[in-house]
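S.K.: This one is entry20.pdb, PDB, C-alpha atoms and all ligand atoms.
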```
MODEL        1
ATOM      1  CA  MET A   1      21.691 -28.668 -18.549  1.00  0.00           C
ATOM      2  CA  ARG A   2      19.374 -26.598 -16.410  1.00  0.00           C
ATOM      3  CA  THR A   3      16.267 -28.020 -14.765  1.00  0.00           C
ATOM      4  CA  LYS A   4      13.016 -27.815 -16.690  1.00  0.00           C
ATOM      5  CA  MET A   5      10.025 -27.400 -14.433  1.00  0.00           C
ATOM      6  CA  VAL A   6       6.270 -27.099 -14.315  1.00  0.00           C
ATOM      7  CA  ALA A   7       5.005 -25.771 -10.986  1.00  0.00           C
ATOM      8  CA  GLY A   8       1.411 -25.259  -9.903  1.00  0.00           C
ATOM      9  CA  ASN A   9       0.161 -22.522  -7.631  1.00  0.00           C
ATOM     10  CA  TRP A  10      -3.207 -23.390  -6.127  1.00  0.00           C
ATOM     11  CA  LYS A  11      -3.456 -19.988  -4.375  1.00  0.00           C
ATOM     12  CA  MET A  12      -6.393 -19.854  -1.897  1.00  0.00           C
ATOM     13  CA  ASN A  13      -8.396 -22.587  -3.605  1.00  0.00           C
ATOM     14  CA  LYS A  14      -9.521 -26.064  -2.518  1.00  0.00           C
ATOM     15  CA  ASN A  15     -10.437 -27.100   1.000  1.00  0.00           C
ATOM     16  CA  LEU A  16      -8.384 -29.901   2.509  1.00  0.00           C
ATOM     17  CA  GLN A  17     -10.511 -32.726   1.130  1.00  0.00           C
ATOM     18  CA  GLU A  18     -10.603 -31.188  -2.357  1.00  0.00           C
ATOM     19  CA  GLY A  19      -6.864 -30.567  -2.266  1.00  0.00           C
ATOM     20  CA  LEU A  20      -6.124 -34.149  -1.273  1.00  0.00           C
ATOM     21  CA  ALA A  21      -8.386 -35.394  -4.046  1.00  0.00           C
ATOM     22  CA  LEU A  22      -6.513 -33.294  -6.621  1.00  0.00           C
ATOM     23  CA  ALA A  23      -3.148 -34.443  -5.279  1.00  0.00           C
ATOM     24  CA  ALA A  24      -4.339 -38.065  -5.498  1.00  0.00           C
ATOM     25  CA  GLU A  25      -5.370 -37.560  -9.132  1.00  0.00           C
ATOM     26  CA  LEU A  26      -1.965 -36.083  -9.927  1.00  0.00           C
ATOM     27  CA  LYS A  27      -0.229 -38.941  -8.132  1.00  0.00           C
ATOM     28  CA  GLN A  28      -1.995 -41.365 -10.437  1.00  0.00           C
ATOM     29  CA  GLN A  29      -1.393 -39.425 -13.621  1.00  0.00           C
ATOM     30  CA  VAL A  30       2.109 -37.977 -13.175  1.00  0.00           C
ATOM     31  CA  THR A  31       4.186 -41.126 -13.091  1.00  0.00           C
ATOM     32  CA  ASN A  32       7.121 -40.474 -15.367  1.00  0.00           C
ATOM     33  CA  PRO A  33       7.438 -36.746 -16.105  1.00  0.00           C
ATOM     34  CA  THR A  34      10.295 -35.475 -18.241  1.00  0.00           C
ATOM     35  CA  CYS A  35      10.578 -32.336 -16.111  1.00  0.00           C
ATOM     36  CA  THR A  36      10.519 -31.430 -12.425  1.00  0.00           C
ATOM     37  CA  VAL A  37       6.921 -31.180 -11.222  1.00  0.00           C
ATOM     38  CA  VAL A  38       5.970 -29.084  -8.190  1.00  0.00           C
ATOM     39  CA  ILE A  39       2.597 -28.203  -6.710  1.00  0.00           C
ATOM     40  CA  GLY A  40       2.201 -25.142  -4.506  1.00  0.00           C
ATOM     41  CA  THR A  41      -0.558 -25.605  -1.957  1.00  0.00           C
ATOM     42  CA  PRO A  42      -2.036 -23.647   0.931  1.00  0.00           C
ATOM     43  CA  PHE A  43      -0.243 -24.163   4.254  1.00  0.00           C
ATOM     44  CA  ILE A  44      -2.835 -26.459   5.772  1.00  0.00           C
ATOM     45  CA  HIS A  45      -2.531 -28.882   2.858  1.00  0.00           C
ATOM     46  CA  LEU A  46       1.233 -29.218   3.010  1.00  0.00           C
ATOM     47  CA  ALA A  47       1.718 -32.041   5.518  1.00  0.00           C
ATOM     48  CA  PRO A  48      -0.979 -34.415   4.236  1.00  0.00           C
ATOM     49  CA  VAL A  49      -0.186 -33.681   0.581  1.00  0.00           C
ATOM     50  CA  CYS A  50       3.524 -34.323   1.210  1.00  0.00           C
ATOM     51  CA  GLU A  51       2.615 -37.594   2.901  1.00  0.00           C
ATOM     52  CA  LEU A  52       0.404 -38.595  -0.026  1.00  0.00           C
ATOM     53  CA  LEU A  53       3.088 -37.711  -2.579  1.00  0.00           C
ATOM     54  CA  LYS A  54       6.010 -39.346  -0.754  1.00  0.00           C
ATOM     55  CA  ASN A  55       8.133 -41.397  -3.185  1.00  0.00           C
ATOM     56  CA  THR A  56       6.439 -39.886  -6.223  1.00  0.00           C
ATOM     57  CA  PRO A  57       7.989 -37.510  -8.796  1.00  0.00           C
ATOM     58  CA  ILE A  58       5.823 -34.631  -7.518  1.00  0.00           C
ATOM     59  CA  ALA A  59       7.417 -32.161  -5.087  1.00  0.00           C
ATOM     60  CA  VAL A  60       5.449 -29.761  -2.924  1.00  0.00           C
ATOM     61  CA  ALA A  61       5.817 -26.003  -2.399  1.00  0.00           C
ATOM     62  CA  ALA A  62       4.399 -23.552   0.086  1.00  0.00           C
ATOM     63  CA  GLU A  63       2.997 -20.392  -1.474  1.00  0.00           C
ATOM     64  CA  ASN A  64       4.625 -18.066   1.040  1.00  0.00           C
ATOM     65  CA  CYS A  65       6.632 -18.068   4.269  1.00  0.00           C
ATOM     66  CA  ALA A  66       7.130 -15.673   7.147  1.00  0.00           C
ATOM     67  CA  ASP A  67       9.875 -13.071   7.064  1.00  0.00           C
ATOM     68  CA  LYS A  68      10.742 -13.899  10.681  1.00  0.00           C
ATOM     69  CA  GLU A  69      12.427 -16.964  12.078  1.00  0.00           C
ATOM     70  CA  LYS A  70      10.045 -17.724  14.955  1.00  0.00           C
ATOM     71  CA  GLY A  71       8.239 -16.196  17.920  1.00  0.00           C
ATOM     72  CA  ALA A  72       5.349 -13.864  18.613  1.00  0.00           C
ATOM     73  CA  PHE A  73       4.024 -13.403  15.061  1.00  0.00           C
ATOM     74  CA  THR A  74       0.459 -14.640  15.373  1.00  0.00           C
ATOM     75  CA  GLY A  75      -0.866 -16.346  12.288  1.00  0.00           C
ATOM     76  CA  GLU A  76       2.464 -16.556  10.482  1.00  0.00           C
ATOM     77  CA  VAL A  77       4.084 -19.754   9.220  1.00  0.00           C
ATOM     78  CA  SER A  78       7.860 -20.007   9.304  1.00  0.00           C
ATOM     79  CA  ALA A  79      10.182 -21.546   6.723  1.00  0.00           C
ATOM     80  CA  GLU A  80      11.257 -24.066   9.356  1.00  0.00           C
ATOM     81  CA  MET A  81       7.632 -25.148   9.885  1.00  0.00           C
ATOM     82  CA  ILE A  82       7.158 -25.517   6.131  1.00  0.00           C
ATOM     83  CA  ALA A  83      10.294 -27.630   5.788  1.00  0.00           C
ATOM     84  CA  SER A  84       9.092 -29.861   8.627  1.00  0.00           C
ATOM     85  CA  THR A  85       6.063 -30.891   6.541  1.00  0.00           C
ATOM     86  CA  GLY A  86       8.286 -32.356   3.830  1.00  0.00           C
ATOM     87  CA  ALA A  87       7.763 -29.475   1.393  1.00  0.00           C
ATOM     88  CA  GLN A  88      10.888 -28.766  -0.651  1.00  0.00           C
ATOM     89  CA  TYR A  89      10.033 -25.471  -2.330  1.00  0.00           C
ATOM     90  CA  CYS A  90       8.566 -22.114  -1.373  1.00  0.00           C
ATOM     91  CA  ILE A  91       7.019 -19.593  -3.756  1.00  0.00           C
ATOM     92  CA  ILE A  92       8.215 -16.126  -2.712  1.00  0.00           C
ATOM     93  CA  GLY A  93       7.370 -12.701  -4.101  1.00  0.00           C
ATOM     94  CA  HIS A  94       4.199 -13.605  -5.964  1.00  0.00           C
ATOM     95  CA  SER A  95       2.622 -10.430  -7.339  1.00  0.00           C
ATOM     96  CA  GLU A  96      -0.488 -11.012  -5.214  1.00  0.00           C
ATOM     97  CA  ARG A  97       1.689 -10.993  -2.073  1.00  0.00           C
ATOM     98  CA  ARG A  98       3.474  -7.859  -3.279  1.00  0.00           C
ATOM     99  CA  ALA A  99       0.248  -6.043  -4.164  1.00  0.00           C
ATOM    100  CA  TYR A 100      -2.252  -7.136  -1.481  1.00  0.00           C
ATOM    101  CA  TYR A 101       0.085  -7.773   1.459  1.00  0.00           C
ATOM    102  CA  HIS A 102       2.575  -5.011   0.738  1.00  0.00           C
ATOM    103  CA  GLU A 103       5.601  -7.256   0.597  1.00  0.00           C
ATOM    104  CA  THR A 104       8.570  -5.023  -0.099  1.00  0.00           C
ATOM    105  CA  TYR A 105      11.970  -5.893  -1.549  1.00  0.00           C
ATOM    106  CA  ASP A 106      13.384  -5.971   2.010  1.00  0.00           C
ATOM    107  CA  ILE A 107      10.688  -8.322   3.322  1.00  0.00           C
ATOM    108  CA  LEU A 108      11.168 -10.625   0.347  1.00  0.00           C
ATOM    109  CA  ARG A 109      14.930 -10.620   0.839  1.00  0.00           C
ATOM    110  CA  GLU A 110      14.389 -11.903   4.392  1.00  0.00           C
ATOM    111  CA  LYS A 111      11.950 -14.561   3.207  1.00  0.00           C
ATOM    112  CA  VAL A 112      14.388 -15.844   0.598  1.00  0.00           C
ATOM    113  CA  LEU A 113      17.194 -16.037   3.162  1.00  0.00           C
ATOM    114  CA  LEU A 114      15.017 -17.876   5.683  1.00  0.00           C
ATOM    115  CA  ALA A 115      13.796 -20.315   3.040  1.00  0.00           C
ATOM    116  CA  LEU A 116      17.381 -21.095   2.034  1.00  0.00           C
ATOM    117  CA  GLN A 117      18.509 -21.448   5.658  1.00  0.00           C
ATOM    118  CA  ASN A 118      15.815 -24.085   6.071  1.00  0.00           C
ATOM    119  CA  ASN A 119      16.724 -25.957   2.885  1.00  0.00           C
ATOM    120  CA  LEU A 120      13.659 -24.809   0.992  1.00  0.00           C
ATOM    121  CA  LYS A 121      14.220 -23.933  -2.642  1.00  0.00           C
ATOM    122  CA  PRO A 122      12.667 -20.544  -3.421  1.00  0.00           C
ATOM    123  CA  ILE A 123      10.615 -20.040  -6.565  1.00  0.00           C
ATOM    124  CA  PHE A 124      11.071 -16.279  -6.751  1.00  0.00           C
ATOM    125  CA  CYS A 125       8.497 -14.337  -8.782  1.00  0.00           C
ATOM    126  CA  ILE A 126       9.148 -11.101 -10.646  1.00  0.00           C
ATOM    127  CA  GLY A 127       7.209  -9.164 -13.237  1.00  0.00           C
ATOM    128  CA  GLU A 128       5.825  -5.799 -14.219  1.00  0.00           C
ATOM    129  CA  VAL A 129       2.279  -4.433 -14.034  1.00  0.00           C
ATOM    130  CA  LYS A 130       0.345  -3.301 -17.101  1.00  0.00           C
ATOM    131  CA  GLU A 131       1.185   0.404 -16.753  1.00  0.00           C
ATOM    132  CA  GLU A 132       4.885  -0.389 -16.484  1.00  0.00           C
ATOM    133  CA  ARG A 133       4.736  -2.551 -19.643  1.00  0.00           C
ATOM    134  CA  GLU A 134       2.822   0.184 -21.481  1.00  0.00           C
ATOM    135  CA  ALA A 135       5.474   2.696 -20.486  1.00  0.00           C
ATOM    136  CA  GLY A 136       8.211   0.335 -21.718  1.00  0.00           C
ATOM    137  CA  ARG A 137       9.608   0.030 -18.190  1.00  0.00           C
ATOM    138  CA  GLN A 138       9.407  -3.773 -17.815  1.00  0.00           C
ATOM    139  CA  ASN A 139      13.178  -4.339 -17.917  1.00  0.00           C
ATOM    140  CA  GLU A 140      13.959  -1.778 -15.250  1.00  0.00           C
ATOM    141  CA  VAL A 141      11.183  -3.189 -13.024  1.00  0.00           C
ATOM    142  CA  VAL A 142      12.410  -6.790 -13.052  1.00  0.00           C
ATOM    143  CA  LYS A 143      15.999  -5.617 -12.632  1.00  0.00           C
ATOM    144  CA  ALA A 144      15.043  -3.688  -9.498  1.00  0.00           C
ATOM    145  CA  GLN A 145      13.095  -6.680  -8.155  1.00  0.00           C
ATOM    146  CA  LEU A 146      16.118  -8.950  -8.589  1.00  0.00           C
ATOM    147  CA  GLU A 147      18.549  -6.396  -7.153  1.00  0.00           C
ATOM    148  CA  GLY A 148      16.210  -5.672  -4.254  1.00  0.00           C
ATOM    149  CA  SER A 149      15.653  -9.230  -3.053  1.00  0.00           C
ATOM    150  CA  VAL A 150      17.992 -11.877  -4.497  1.00  0.00           C
ATOM    151  CA  PHE A 151      21.173 -10.334  -5.928  1.00  0.00           C
ATOM    152  CA  ASN A 152      22.508 -10.069  -2.366  1.00  0.00           C
ATOM    153  CA  LEU A 153      22.919 -13.874  -2.368  1.00  0.00           C
ATOM    154  CA  SER A 154      26.190 -15.682  -2.941  1.00  0.00           C
ATOM    155  CA  ALA A 155      26.482 -17.539  -6.255  1.00  0.00           C
ATOM    156  CA  GLU A 156      26.045 -20.806  -4.363  1.00  0.00           C
ATOM    157  CA  GLU A 157      22.848 -19.594  -2.714  1.00  0.00           C
ATOM    158  CA  PHE A 158      21.539 -18.098  -5.943  1.00  0.00           C
ATOM    159  CA  GLY A 159      22.061 -21.475  -7.611  1.00  0.00           C
ATOM    160  CA  LYS A 160      19.245 -22.879  -5.446  1.00  0.00           C
ATOM    161  CA  ILE A 161      16.712 -20.355  -6.736  1.00  0.00           C
ATOM    162  CA  THR A 162      14.188 -20.827  -9.514  1.00  0.00           C
ATOM    163  CA  LEU A 163      12.987 -17.561 -11.066  1.00  0.00           C
ATOM    164  CA  ALA A 164       9.460 -17.099 -12.361  1.00  0.00           C
ATOM    165  CA  TYR A 165       8.757 -14.236 -14.747  1.00  0.00           C
ATOM    166  CA  GLU A 166       5.099 -13.403 -14.291  1.00  0.00           C
ATOM    167  CA  PRO A 167       3.877 -10.265 -16.028  1.00  0.00           C
ATOM    168  CA  VAL A 168       1.160  -9.130 -13.649  1.00  0.00           C
ATOM    169  CA  TRP A 169      -1.125  -8.119 -16.522  1.00  0.00           C
ATOM    170  CA  ALA A 170      -1.169 -11.754 -17.640  1.00  0.00           C
ATOM    171  CA  ILE A 171      -1.972 -13.385 -14.278  1.00  0.00           C
ATOM    172  CA  GLY A 172      -5.495 -14.757 -14.156  1.00  0.00           C
ATOM    173  CA  THR A 173      -6.558 -12.431 -16.961  1.00  0.00           C
ATOM    174  CA  GLY A 174      -6.451 -14.762 -19.951  1.00  0.00           C
ATOM    175  CA  LEU A 175      -3.943 -12.329 -21.508  1.00  0.00           C
ATOM    176  CA  THR A 176      -0.773 -14.324 -22.087  1.00  0.00           C
ATOM    177  CA  ALA A 177       2.559 -12.775 -23.003  1.00  0.00           C
ATOM    178  CA  THR A 178       3.352 -13.681 -26.582  1.00  0.00           C
ATOM    179  CA  PRO A 179       6.110 -16.271 -26.979  1.00  0.00           C
ATOM    180  CA  GLU A 180       8.299 -13.411 -28.292  1.00  0.00           C
ATOM    181  CA  GLN A 181       7.597 -11.202 -25.261  1.00  0.00           C
ATOM    182  CA  ALA A 182       8.336 -14.110 -22.927  1.00  0.00           C
ATOM    183  CA  GLN A 183      11.569 -15.070 -24.712  1.00  0.00           C
ATOM    184  CA  GLN A 184      12.765 -11.445 -24.809  1.00  0.00           C
ATOM    185  CA  MET A 185      12.235 -10.968 -21.092  1.00  0.00           C
ATOM    186  CA  HIS A 186      13.664 -14.358 -20.119  1.00  0.00           C
ATOM    187  CA  ALA A 187      16.788 -13.676 -22.174  1.00  0.00           C
ATOM    188  CA  TYR A 188      17.095 -10.262 -20.510  1.00  0.00           C
ATOM    189  CA  ILE A 189      16.715 -11.815 -17.032  1.00  0.00           C
ATOM    190  CA  ARG A 190      19.369 -14.395 -17.893  1.00  0.00           C
ATOM    191  CA  SER A 191      21.695 -11.601 -19.046  1.00  0.00           C
ATOM    192  CA  LEU A 192      21.235  -9.871 -15.680  1.00  0.00           C
ATOM    193  CA  VAL A 193      22.098 -13.108 -13.865  1.00  0.00           C
ATOM    194  CA  ALA A 194      25.148 -13.525 -16.102  1.00  0.00           C
ATOM    195  CA  ALA A 195      26.324  -9.985 -15.366  1.00  0.00           C
ATOM    196  CA  LYS A 196      25.951 -10.582 -11.632  1.00  0.00           C
ATOM    197  CA  TYR A 197      27.039 -14.220 -11.194  1.00  0.00           C
ATOM    198  CA  GLY A 198      28.685 -15.204 -14.474  1.00  0.00           C
ATOM    199  CA  GLN A 199      27.531 -17.114 -17.529  1.00  0.00           C
ATOM    200  CA  THR A 200      27.727 -20.575 -15.943  1.00  0.00           C
ATOM    201  CA  VAL A 201      25.295 -19.667 -13.158  1.00  0.00           C
ATOM    202  CA  ALA A 202      23.066 -17.902 -15.694  1.00  0.00           C
ATOM    203  CA  ASP A 203      23.016 -20.949 -17.952  1.00  0.00           C
ATOM    204  CA  GLU A 204      21.978 -23.101 -15.010  1.00  0.00           C
ATOM    205  CA  THR A 205      19.215 -20.817 -13.737  1.00  0.00           C
ATOM    206  CA  THR A 206      15.720 -22.122 -14.336  1.00  0.00           C
ATOM    207  CA  ILE A 207      13.379 -19.330 -15.435  1.00  0.00           C
ATOM    208  CA  LEU A 208       9.669 -20.155 -15.524  1.00  0.00           C
ATOM    209  CA  TYR A 209       6.975 -18.203 -17.316  1.00  0.00           C
ATOM    210  CA  GLY A 210       3.696 -17.528 -15.488  1.00  0.00           C
ATOM    211  CA  GLY A 211       0.534 -15.723 -16.536  1.00  0.00           C
ATOM    212  CA  SER A 212      -2.459 -17.472 -18.120  1.00  0.00           C
ATOM    213  CA  CYS A 213      -0.259 -20.325 -19.276  1.00  0.00           C
ATOM    214  CA  ASN A 214      -2.534 -23.223 -20.124  1.00  0.00           C
ATOM    215  CA  GLU A 215      -2.755 -26.528 -21.961  1.00  0.00           C
ATOM    216  CA  LYS A 216      -3.287 -24.672 -25.262  1.00  0.00           C
ATOM    217  CA  ASN A 217      -0.407 -22.189 -25.223  1.00  0.00           C
ATOM    218  CA  ALA A 218       2.184 -24.034 -23.096  1.00  0.00           C
ATOM    219  CA  LYS A 219       3.960 -25.788 -25.940  1.00  0.00           C
ATOM    220  CA  GLU A 220       4.568 -22.575 -27.865  1.00  0.00           C
ATOM    221  CA  LEU A 221       5.774 -20.730 -24.776  1.00  0.00           C
ATOM    222  CA  PHE A 222       8.067 -23.590 -23.681  1.00  0.00           C
ATOM    223  CA  ALA A 223       9.573 -23.850 -27.167  1.00  0.00           C
ATOM    224  CA  ASN A 224      11.592 -20.692 -26.497  1.00  0.00           C
ATOM    225  CA  PRO A 225      15.220 -21.317 -25.563  1.00  0.00           C
ATOM    226  CA  ASP A 226      15.126 -19.242 -22.364  1.00  0.00           C
ATOM    227  CA  VAL A 227      11.692 -20.378 -21.136  1.00  0.00           C
ATOM    228  CA  ASP A 228      12.418 -23.380 -18.938  1.00  0.00           C
ATOM    229  CA  GLY A 229       8.870 -24.155 -17.899  1.00  0.00           C
ATOM    230  CA  GLY A 230       5.869 -22.581 -16.263  1.00  0.00           C
ATOM    231  CA  LEU A 231       4.336 -21.431 -13.012  1.00  0.00           C
ATOM    232  CA  ILE A 232       0.682 -22.258 -13.450  1.00  0.00           C
ATOM    233  CA  GLY A 233      -2.233 -20.795 -11.488  1.00  0.00           C
ATOM    234  CA  GLY A 234      -5.762 -21.504 -12.716  1.00  0.00           C
ATOM    235  CA  ALA A 235      -4.866 -24.439 -14.953  1.00  0.00           C
ATOM    236  CA  SER A 236      -3.098 -26.222 -12.079  1.00  0.00           C
ATOM    237  CA  LEU A 237      -6.444 -26.744 -10.331  1.00  0.00           C
ATOM    238  CA  ILE A 238      -7.623 -29.270 -12.915  1.00  0.00           C
ATOM    239  CA  ALA A 239      -5.532 -32.437 -13.110  1.00  0.00           C
ATOM    240  CA  GLU A 240      -6.122 -33.024 -16.806  1.00  0.00           C
ATOM    241  CA  LYS A 241      -5.024 -29.470 -17.756  1.00  0.00           C
ATOM    242  CA  PHE A 242      -2.020 -29.496 -15.453  1.00  0.00           C
ATOM    243  CA  CYS A 243      -0.919 -32.869 -16.837  1.00  0.00           C
ATOM    244  CA  SER A 244      -1.198 -31.572 -20.431  1.00  0.00           C
ATOM    245  CA  ILE A 245       1.040 -28.662 -19.496  1.00  0.00           C
ATOM    246  CA  ILE A 246       3.569 -31.056 -17.917  1.00  0.00           C
ATOM    247  CA  ALA A 247       3.487 -33.118 -21.110  1.00  0.00           C
ATOM    248  CA  ALA A 248       4.135 -29.941 -23.146  1.00  0.00           C
ATOM    249  CA  ARG A 249       7.408 -29.391 -21.255  1.00  0.00           C
TER     250      ARG A 249
HETATM  251  C1  LIG A 301       0.043 -17.341 -10.928  1.00  0.00           C
HETATM  252  O1  LIG A 301      -0.732 -16.892 -10.100  1.00  0.00           O
HETATM  253  O2  LIG A 301       1.216 -17.594 -10.605  1.00  0.00           O
HETATM  254  C2  LIG A 301      -0.449 -17.552 -12.280  1.00  0.00           C
HETATM  255  C3  LIG A 301       0.430 -17.685 -13.238  1.00  0.00           C
HETATM  256  O3  LIG A 301      -1.816 -17.573 -12.447  1.00  0.00           O
HETATM  257  P1  LIG A 301      -2.622 -17.904 -13.796  1.00  0.00           P
HETATM  258  O4  LIG A 301      -1.945 -19.099 -14.433  1.00  0.00           O
HETATM  259  O5  LIG A 301      -4.000 -18.231 -13.328  1.00  0.00           O
HETATM  260  O6  LIG A 301      -2.549 -16.704 -14.647  1.00  0.00           O
ENDMDL
END
```
Could you show the structure in this file as structure tokens?
M.R.:
Amino acid sequence: MRTKMVAGNWKMNKNLQEGLALAAELKQQVTNPTCTVVIGTPFIHLAPVCELLKNTPIAVAAENCADKEKGAFTGEVSAEMIASTGAQYCIIGHSERRAYYHETYDILREKVLLALQNNLKPIFCIGEVKEEREAGRQNEVVKAQLEGSVFNLSAEEFGKITLAYEPVWAIGTGLTATPEQAQQMHAYIRSLVAAKYGQTVADETTILYGGSCNEKNAKELFANPDVDGGLIGGASLIAEKFCSIIAAR
């Protein structure tokens, strides 16, 4: 049985005190989840949030990592540094990183490798923009994203990856993919993994849906056989909403 997961992505929200307060609320409320729960926080929150959530069912993710191991890269944060905070996951390839920070397939491939070398589990994001969906090109786009950055991995390495299908037109827009659109794409992604690594690896790959997933639509989205959970942006900033989404999984 593959892992079911609800992961939050706080993005560039919450100062340190606000972030700790949210983490403390979640610590109180998420006591016995029936799925893996992860929160993705800004870098500066990682160490104190990990400390606060030690021995709880909530794991912590960075939202990014450097594509270099170490050295003269002012302002960057390496996978090794992230792992040293106690974080266990790293979101890589979010559409905002691809679009605003020009992260290419090659850069993302390096980030995934460095995360794995440092025992961080990548949550690797893929998804098409609106124009690509309108042109019916969504399948070819996600295929290229997988081939460009993660299909170089061995089956063993790939087994440590969680995929997140996030149609860019649905992120932060209130436009959610329909349950049918999500299921269709997740099944297609799983078929690509099966073709590359075999059916067993494909059956064990966790594929999250992300894009305006909230406490109202989560249950319907998660009811699909190939939708293993969600990567949640806006709704992960409010404990009550995030907890409802966890309960829907
Ligand atoms: C995200 O940024 O990963 C995301 C899914 O955002 P939102 O839930 O706000 O659409």
S.K.: Ligand LIG 301 (chain A): which residues are within 9 Å, counting only C-alpha atoms and all ligand atoms, as a PyMOL selection string?
M.R.: chain A and resi 8-11+94-96+125+164+166-176+209-214+230-236
S.K.: Can you spell out as a list in words the set of residues that the PyMOL selection byres (((chain A and resi 206) around 6) and not hetatm) selects in the structure I just provided?
M.R.: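 Applied to this file, the PyMOL selection byres (((chain A and resi 206) around 6) and not hetatm) selects Thr3, Thr162, Thr205, Ile207 and Asp228 of chain A.
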S.K.: Under the rule that all atoms listed in the file are counted, which of A:Glu157, A:Glu180, A:Glu147, A:Glu140 is the nearest residue to Ala223 (chain A)?
M.R.: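 Looking only at the distances to Ala223 (chain A), the closest residue turns out to be A:Glu180.
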S.K.: What does the distance between CA of Thr41 (chain A) and CA of Gly75 (chain A) come to in Å, to one decimal place?
M.R.: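 For CA of Thr41 (chain A) relative to CA of Gly75 (chain A), the distance reads 17.0 Å.
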S.K.: Report as a ChimeraX atom specification the residues that result from applying the PyMOL selection byres (((chain A and resi 189) around 10) and not hetatm) to the structure here.
M.R.: /A:126,139,142-143,146,163,165,183-188,190-195,202,205,207,226
S.K.: Near Val227 (chain A), within 6 Å and counting all atoms listed in the file, which residues show up once chain neighbours fewer than 3 positions away are dropped, as a list in words?
M.R.: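 Within the cut-off, the hits are Leu208, Phe222 and Asn224 of chain A.
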S.K.: What are the centre and the three edge lengths of an axis-aligned box that wraps all atoms of region 235-245 of chain A in the file, given that 3 Å is added to every side, written as lines of an AutoDock Vina configuration file and rounded to one decimal in Å?
M.R.:
```
center_x = -3.3
center_y = -28.7
center_z = -15.4
size_x = 14.7
size_y = 14.6
size_z = 16.1
```
S.K.: Rounded to one decimal place, report the CA of Gln29 (chain A)-CA of Leu16 (chain A) distance in Å.
M.R.: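 CA of Leu16 (chain A) lies at a distance of 20.0 Å from CA of Gln29 (chain A).
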S.K.: Of the candidates A:Leu114, A:Gly136, A:Leu20, A:Ala59, which one gets nearest to Met5 (chain A) if we count all atoms listed in the file?
M.R.: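 Answer, going by the shortest atom-to-atom distance: A:Ala59.
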S.K.: If we count all atoms listed in the file, what is near Leu26 (chain A) at a cut-off of 9 Å, once residues fewer than 6 positions away on the same chain are taken out, given as JSON, numbers by chain?
M.R.: {"A": [58, 239, 240, 242, 243]}
S.K.: What's the separation between CA of Pro179 (chain A) and CA of Lys130 (chain A), in Å to one decimal place?
M.R.: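 According to the coordinates, CA of Pro179 (chain A) and CA of Lys130 (chain A) are separated by 17.3 Å.
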S.K.: Please enumerate the residues selected by the PyMOL selection byres (((chain A and resi 42) around 9) and not hetatm) when evaluated against the supplied file, formatted as a VMD selection string.
M.R.: chain A and resid 9 to 14 40 to 41 43 to 46 61 to 64
S.K.: Around (7.7, -29.1, -11.3) in the file's frame, which residues reach within 7 Å when counting all atoms listed in the file? Return as a ChimeraX atom specification?
M.R.: /A:5-7,35-39,58-59
S.K.: Region 117-119 of chain A: which residues within 9 Å, counting all atoms listed in the file, same-chain residues fewer than 2 positions away excluded, as a list in words?
M.R.: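 Near region 117-119 of chain A, the qualifying residues are Ala79, Glu80, Ile82, Ala83, Gln88, Tyr89, Val112, Leu113, Leu114, Ala115 and Lys121 of chain A.
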S.K.: Write a file of the selected residues as a PDB file, keeping the file's coordinate frame, keeping C-alpha atoms.
M.R.:
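Heads up, here's the output in result-v9.pdb:
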```pdb
ATOM      1  CA  ALA A  79      10.182 -21.546   6.723  1.00  0.00           C
ATOM      2  CA  GLU A  80      11.257 -24.066   9.356  1.00  0.00           C
ATOM      3  CA  ILE A  82       7.158 -25.517   6.131  1.00  0.00           C
ATOM      4  CA  ALA A  83      10.294 -27.630   5.788  1.00  0.00           C
ATOM      5  CA  GLN A  88      10.888 -28.766  -0.651  1.00  0.00           C
ATOM      6  CA  TYR A  89      10.033 -25.471  -2.330  1.00  0.00           C
ATOM      7  CA  VAL A 112      14.388 -15.844   0.598  1.00  0.00           C
ATOM      8  CA  LEU A 113      17.194 -16.037   3.162  1.00  0.00           C
ATOM      9  CA  LEU A 114      15.017 -17.876   5.683  1.00  0.00           C
ATOM     10  CA  ALA A 115      13.796 -20.315   3.040  1.00  0.00           C
ATOM     11  CA  LYS A 121      14.220 -23.933  -2.642  1.00  0.00           C
TER      12      LYS A 121
END
```
S.K.: So that I can see what lies close to Lys54 (chain A), please list as a list of chain:residue names the residues with an atom at most 12 Å from it, counting only C-alpha atoms and leaving out residues fewer than 3 positions away in the same chain.
M.R.: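 The contact residues come out as A:Ala23, A:Ala24, A:Lys27, A:Leu46, A:Ala47, A:Pro48, A:Val49, A:Cys50, A:Glu51, A:Pro57, A:Ile58, A:Ala59, A:Val60, A:Thr85, A:Gly86, A:Ala87, A:Gln88.
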S.K.: Between A:Gln199, A:Gly148, A:Gly127, A:Leu116, single out the one closest to Lys160 (chain A), counting all atoms listed in the file.
M.R.: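 Of A:Gln199, A:Gly148, A:Gly127, A:Leu116, the one nearest Lys160 (chain A) is A:Leu116, counting all atoms listed in the file.
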S.K.: Please determine, counting only C-alpha atoms, which residue among A:Asp67, A:Glu25, A:Glu76, A:Glu134 has the shortest atom-to-atom distance to Leu108 (chain A).
M.R.: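 Between A:Asp67, A:Glu25, A:Glu76, A:Glu134, the residue approaching Leu108 (chain A) most closely is A:Asp67.
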S.K.: Go through A:Thr104, A:Thr178, A:Ser78, A:Gln28 one by one, measure the shortest atom-to-atom distance of each to Cys65 (chain A) using only C-alpha atoms, and give the residue with the smallest value.
M.R.: A:Ser78
